[in-house]
Amino acid sequence: MIEFQDASVVAPGTTVRILEPTTLTLAERRVAIIGANGSGKSTLARLINGLVLPSTGSVTVDGRDTRRDAAAVRRSVGFLFTDPSAQLIMPTAAEDVALSLRRTVKGKGERASAALAALESIGLGDKGSVSVHALSGGQRQLLALAGVLAVGPSIIVADEPTTLLDLRWRAHVDALLAGLDQQVIEVTHDLDAASRADRVIVMESGSVAFDGKPRAAVAAYRRLMAGT
Amino acid sequence: MGLFGLYRERHTPLHRAPAWAKMLGLVLAAAWLAWCTVPAWSVASALVAIALLASTLPPLGPTLRGVVPVLVIAAATGAYQLWQGDARLAVDLAADFVSLICLSLAVTTSTPLDESMGLVSAAARPLRRWIPPEALALVFSLTIRALPELTRILAESRDAARSRGLDRSPRAMLIPAGVRTVGYALAVGDAITARGLADEAVSVSRRGPVRR
């Protein structure tokens, strides 16, 4: 369970508030965060695994504070970025997944097998020795997901994971995320994807403008965007 | 992609050799090439290096794309020495260039980066009081990973400058390239933090890897 307790974020070196004091409890399996560009969606998502620390208040994940216990929080919260290129560090797909496993699996052979299994689980079993540069955008996003899933997190935070993908890959990644056992918090501009969530949070100017069921939330978002 | 990311899983003798032995061999070969100035020996060394590279069964296209620019430099260097009237030095230098690039590629194509990271980490262990070895290994792999990205950023910035008719303005290319490079570095930093690799590099260095 993720809990925001009066968590706010001020831009470093300024007094500009990116996120107003926010109190939320996220316990649903699928939560979507929607809103205009610059409304604070990504900041809210980044608070969950400690990529951004709250300027005031606190954020806890399963009772662990992201400020005091950052490493443990990051082990249980996987993060998927919009552009997977920055997330992929090693030259080949299998090596990149194996890098995620360096902490937990010592043996080289064992690590290679676990990496291959992780790739197979998301349909990239035949891409293990392929250079990450040779993969398509969709395949790179899947690879990034494999690297995240390999360490067995209980929560996945995805920051616009399908924004750069074509329709086919978008549907594929959406389906994969929908089928995960983990709790998934997804920042998205895709209102169809948001409509499939259990709960949708609408952000506007650094605050939660609406929080509720998808249908009502999407309607509220449309009203906000129309300026009414 | 350049010369990095050329590793392919194969079952050749060099693939089976430990990373430290290959690195040591590379250092010794470089020392031998610097010491030896007999053209016949340099040419023989180049032939051996080419054979070693071929024995790793490298991917043809990417390997050639990486080798050709170095061959051009070798040919130009040799041609310059020939023009200066020193045929022996021309052959020696050109052959040494070819030897070094082929030997380096033979190591790259037969050694997974994971193993190289392990080697860097092991080599840095005596310095662990000052620098976490796992962190150093991560820096090593990030440096290698960043090279093709930086090349791509530069190429895209150059194309953008050209499309605005600013072909001759270094500023029009270098400023966007610099800004994007910083952006890329920040994004990679975020990704490393999000994957827990930064926490890991420090904790593994202190405790050693966790056994499952």
# chains A, B, ... in the order shown; residues from 1 in each chain; ligands from 1
>>> residues_around(residues="segment 50-54 of chain A", least_positions_apart="4", cutoff="10 Å", atoms="only C-alpha atoms", output="VMD selection string")
(chain A and resid 4 to 10 19 21 42 to 46 58 to 61 65 to 71 73 to 74 77 79) or (chain B and resid 189 to 191 193 to 194)
>>> residues_around(residues="Asp174 of chain A", least_positions_apart="4", cutoff="12 Å", atoms="only C-alpha atoms", output="JSON list (two decimals) with C-alpha atoms, in the first residue's frame")
[["chain", "number", "residue", "atom", "x", "y", "z"],
["A", 30, "ARG", "CA", -4.64, -0.60, -11.03],
["A", 138, "GLY", "CA", 8.25, -1.43, -28.41],
["A", 141, "GLN", "CA", 10.04, -0.95, -23.60],
["A", 142, "LEU", "CA", 9.38, -4.66, -23.10],
["A", 145, "LEU", "CA", 9.88, -4.08, -18.22],
["A", 158, "ALA", "CA", 4.94, 3.35, -15.17],
["A", 160, "GLU", "CA", 3.73, 7.18, -19.75],
["A", 161, "PRO", "CA", 5.15, 3.83, -20.88],
["A", 162, "THR", "CA", 3.27, 3.80, -24.19],
["A", 163, "THR", "CA", 3.58, 7.45, -25.26],
["A", 165, "LEU", "CA", 4.89, 3.55, -29.13],
["A", 166, "ASP", "CA", 2.76, 2.83, -32.18],
["A", 167, "LEU", "CA", -0.75, 1.47, -31.77],
["A", 168, "ARG", "CA", 0.26, -2.19, -31.98],
["A", 169, "TRP", "CA", 3.04, -1.94, -29.39],
["A", 170, "ARG", "CA", 0.86, 0.28, -27.20],
["A", 178, "ALA", "CA", -2.83, -5.39, -17.30],
["A", 179, "GLY", "CA", -1.82, -9.01, -16.83],
["A", 180, "LEU", "CA", 0.77, -8.40, -14.10],
["A", 184, "VAL", "CA", 0.45, -0.97, -11.20],
["A", 186, "GLU", "CA", 0.38, 4.23, -14.50],
["A", 188, "THR", "CA", -0.86, 8.14, -18.94],
["A", 190, "ASP", "CA", -4.21, 7.35, -22.99],
["A", 192, "ASP", "CA", -8.68, 4.21, -22.94],
["A", 193, "ALA", "CA", -5.95, 2.77, -20.71],
["A", 194, "ALA", "CA", -7.09, 5.01, -17.84],
["A", 196, "ARG", "CA", -9.53, 0.23, -17.54],
["A", 197, "ALA", "CA", -8.04, 1.19, -14.15]]
>>> closest_atom_pairs(of="chain A", to="chain B", cutoff="9 Å", atoms="only C-alpha atoms", output="Markdown table")
| residue | atom | partner | partner_atom | distance |
| --- | --- | --- | --- | --- |
| A:Arg46 | CA | B:Ala194 | CA | 9.0 |
| A:Asn49 | CA | B:Ala194 | CA | 7.0 |
| A:Gly50 | CA | B:Ala194 | CA | 7.9 |
| A:Leu51 | CA | B:Ala194 | CA | 6.5 |
| A:Ala70 | CA | B:Asp199 | CA | 8.6 |
| A:Ala71 | CA | B:Asp199 | CA | 5.9 |
| A:Ala72 | CA | B:Gly196 | CA | 8.9 |
| A:Arg74 | CA | B:Gly196 | CA | 5.8 |
| A:Arg75 | CA | B:Gly196 | CA | 6.5 |
| A:Val77 | CA | B:Ala194 | CA | 8.3 |
| A:Gly78 | CA | B:Arg195 | CA | 6.8 |
| A:Phe79 | CA | B:Ala194 | CA | 5.9 |
| A:Leu80 | CA | B:Ala194 | CA | 8.6 |
| A:Phe81 | CA | B:Ala191 | CA | 7.8 |
| A:Ser85 | CA | B:Val188 | CA | 8.7 |
| A:Ala86 | CA | B:Val188 | CA | 4.9 |
| A:Gln87 | CA | B:Ala191 | CA | 5.0 |
| A:Leu88 | CA | B:Ala191 | CA | 8.3 |
| A:Ile89 | CA | B:Arg145 | CA | 6.0 |
| A:Met90 | CA | B:Arg145 | CA | 6.4 |
| A:Pro91 | CA | B:Gly5 | CA | 4.5 |
| A:Thr92 | CA | B:Gly5 | CA | 6.6 |
| A:Glu95 | CA | B:Asp114 | CA | 6.6 |
| A:Asp96 | CA | B:Asp114 | CA | 8.9 |
| A:Ala98 | CA | B:Asp114 | CA | 8.0 |
| A:Leu99 | CA | B:Asp114 | CA | 7.4 |
| A:Ser100 | CA | B:Arg195 | CA | 7.2 |
| A:Arg102 | CA | B:Pro209 | CA | 7.4 |
| A:Arg103 | CA | B:Pro209 | CA | 5.6 |
| A:Thr104 | CA | B:Val210 | CA | 5.4 |
| A:Val105 | CA | B:Arg212 | CA | 5.8 |
| A:Lys106 | CA | B:Arg211 | CA | 5.9 |
| A:Gly107 | CA | B:Arg211 | CA | 8.6 |
| A:Lys108 | CA | B:Glu115 | CA | 8.6 |
| A:Ser129 | CA | B:Arg8 | CA | 6.0 |
| A:Val130 | CA | B:Arg8 | CA | 8.0 |
| A:Ser131 | CA | B:Gly5 | CA | 6.1 |
| A:Val132 | CA | B:Gly5 | CA | 8.4 |
| A:His133 | CA | B:Met1 | CA | 6.9 |
| A:Ala134 | CA | B:Met1 | CA | 8.8 |
| A:Gly147 | CA | B:Arg195 | CA | 8.4 |
| A:Val148 | CA | B:Arg195 | CA | 7.0 |
>>> residues_around(residues="segment 120-126 of chain B", least_positions_apart="4", cutoff="9 Å", atoms="only C-alpha atoms", output="list in words")
Glu115, Ser116, Ile131, Pro132, Pro133, Glu134, Ala135, Leu136, Ala137, Leu138, Phe140 and Ser205 of chain B
>>> residues_around(residues="Pro18 of chain B", least_positions_apart="4", cutoff="12 Å", atoms="only C-alpha atoms", output="ChimeraX atom specification")
/B:13-14,22-25,107,110-112,115-116,118-119
>>> select_by_dssp(residues="segment 18-65 of chain A", states="strand (DSSP E)", output="list in words")
Ile18, Leu19, Glu20, Pro21, Thr22, Thr23, Leu24, Thr25, Leu26, Arg30, Val31, Ala32, Ile33, Ile34, Gly35, Thr56, Gly57, Ser58, Val59, Thr60, Val61, Arg64 and Asp65 of chain A
